[in-house]
Amino acid sequence: MDVNAAVAAAAAIAGVCTGVIAVLAFRWSEREQARPTRTSLHSEAVLPPGVDTVLSVLRSSAVVLDESDAVVKASSAAYALGLVRGGQLAVEPMLLMARDTRRDGEIRQIELDLPRRGSSRGDALAVSARVAPLGSRLVLLLVEDLTEARRIEAVRRDFVANVSHELKTPVGALSLLSEAVSDAAEDPEAVTRFAGRMQIEATRLTSLVQELIDLSRVQNDDPLEDSEPISVAGLVDEAVDRCRQTAGSKQITLAAGGIADLHVWGNRGQLAAALGNLVENAVNYSPPRTRVGIAGRRIAAPGGDLIEIAVTDQGIGISSVDRERIFERFYRVDPARSRATGGTGLGLAIVKHVAASHGGEVTVWSAEGQGSTFTLRLPEAGSAREKAEAHRRGRNRLSGALQDPADFEDEDGEETFTSDRHLSAPEVLP
C-alpha cells in the first residue's frame with residue numbers, strides 16, 4: 001500500500017512539473033514571437049501617416065533610408081536619375097550626409113555634379129540634395145535637378161550679351177544719322193540721303209527685334225500642343241511667296257520638285273518660318289541669275305519614315321570652319337554681306353530649334369564656290385502624330401509617388417538614344 005501511494009505521489013509531482021514546464025514554455029514562445037527581430041525592424045520602418053501623400057506632389061526626387069542605410073521608399077524620378085540602385089543609395093556624398101543627419105538630427109544640404117546615366121560624353125547632372133530626419137528611425141533625402149536651370153541661366157547670360165551687342169549697331173547708327181540730318185537741315189540732298197539710311201537701319205532694327213521674338217517663341221512654345229498634319233507643298237508655296245520679290249529683283253529662279261503627297265506633323269507657323277528662313281538665306285547669298293531649288297522626298301528610318309526638304313543654292317558656299325558654327329545665334333559667315341542683306345544671324349538658329357522641337361534635325365552640305373544645301377528632316381505625319389500622342393501619355397510617367405525598391409527589378413537598366421546623322425552631297429534638282 002505504501003508503495004502504491006509513493007508511486008501515485010511521484011506521478012502527481014511529475015504531472016505538476018510537466019504542467020509548469022508547459023506553461024513556462026508557452027509564455028516563453030509568446031515572448032519570443034512578440035520580440036522584434038532584424039527582419040521585423042526593417043518591415044516596420046514605414047512612413048509616418050501623410051508623408052507619402054505630401055512627397056508625391058513635390059517636384060524633387062525623394063528617397064527614404066532606414067537606420068541601416070537601406071532604401072525603404074524612393075520616387076520613380078530618383079531611379080531615373082540613378083540615385084538608387086540595387087535597393088541602396090548609389091551616391092556616396094549623399095549617403096555620408098544622411099549618416100551625419102541620422103547621428104545628430106541636423107538638416108544638411110549640398111550641391112553636386114553627377115555623371116549622366118547612359119551618356120559617354122562626360123555630361124553631368126547638377127543636383128541639389130537636402131537631408132532631414134523623418135521620425136526617430138528614418139532619414140529623408142530630397143534631390144532637385146538643377147541641370148536645366150543652370151543651362152537656361154548660361155543661355156540667358158549669353159543671349160543678353162549678344163543682344164546688347166547687336167542692338168548697339170542700328171541704335172548707334174540711327175543716333176548718328178539723326179545728328180547728321182539735324183546738321184544738314186539746309187541741304188535737301190543730304191537730308192534725303194541720311195533719311196534713306198535711317199530707314200534702312202530702322203528696318204534692320206525691326207527685323208532684329210522680330211527675329212528675337214520668333215526665337216523666344218520657338219524656344220518656349222510646345223509645338224505638340226498645337227499640331228496638325230501639314231502639306232509640304234503648302235509650306236514650300238509660303239516660303240517661295242515670301243522670297244519671290246527679292247528673287248525677282250536678282251533674277252534668281254525658284255524651282256520646286258518632289259513635294260507632292262508629302263505631309264509632316266507639327267505647328268504650321270513654326271515650320272513655315274523655318275523653311276522660309278532657309279529659302280530666304282539661299283536667295284540672299286546667291287549671285288544674280290542663278291537658281292535656288294527646293295526638293296522633297298520620303299526616306300525610310302528605323303523609328304518611322306522621315307520627310308526631307310532640301311534647299312540648294314549656287315552661292316559662295318561655306319567653309320568647313322564656318323559650317324561648325326552657322327547654327328549658333330548671331331553667328332554670320334560673312335558679316336559684311338550680312339550687313340548688306342540685312343541679316344541678323346538668328347535665322348538658322350530658329351530653324352535648328354524648330355527642327356529639334358518637332359523631333360527632326362537640320363543639316364548642311366556645302367563647298368566653297370559650289371553652293372550649299374540645307375536639309376530639313378522631319379518625321380512623317382503618321383509616325384510623328386503617334387509619337388506626339390505617346391509623349392503626352394508618358395509625360396507624367398516619372399511621378400513623385402514613392403515606390404518600394406522591389407518595384408524596380410532592373411535598377412541598372414539604362415535607355416540609350418542613337419541618331420545616325422550623315423551629311424551627303426545634294427541631289428540634282430529637276
# chains A, B, ... in the order shown; residues from 1 in each chain; ligands from 1
>>> residues_around(residues="Ala274 (chain A)", least_positions_apart="4", cutoff="7 Å", atoms="only C-alpha atoms", output="list in words")
Gln270, Leu278, Ile350, Val351 and Val354 of chain A
>>> atom_distance(atom1="CA of Thr192 (chain A)", atom2="CA of Leu205 (chain A)")
19.9 Å
>>> select_by_dssp(residues="region 31-268 of chain A", states="alpha helix (DSSP H)", output="PyMOL selection string")
chain A and resi 31-34+38-43+51-56+76-80+92-104+147-183+188-220+232-249+268
>>> select_by_dssp(residues="region 235-300 of chain A", states="strand (DSSP E or B)", output="list in words")
Thr253, Leu254, Ala255, Ala256, Gly257, His263, Val264, Trp265, Gly266, Arg291, Val292, Gly293, Ile294, Ala295, Gly296, Arg297, Arg298 and Ile299 of chain A
>>> closest_residue(among="A:Arg197, A:His263, A:Arg103, A:Arg116", to="Leu174 (chain A)", atoms="only C-alpha atoms")
A:Arg197
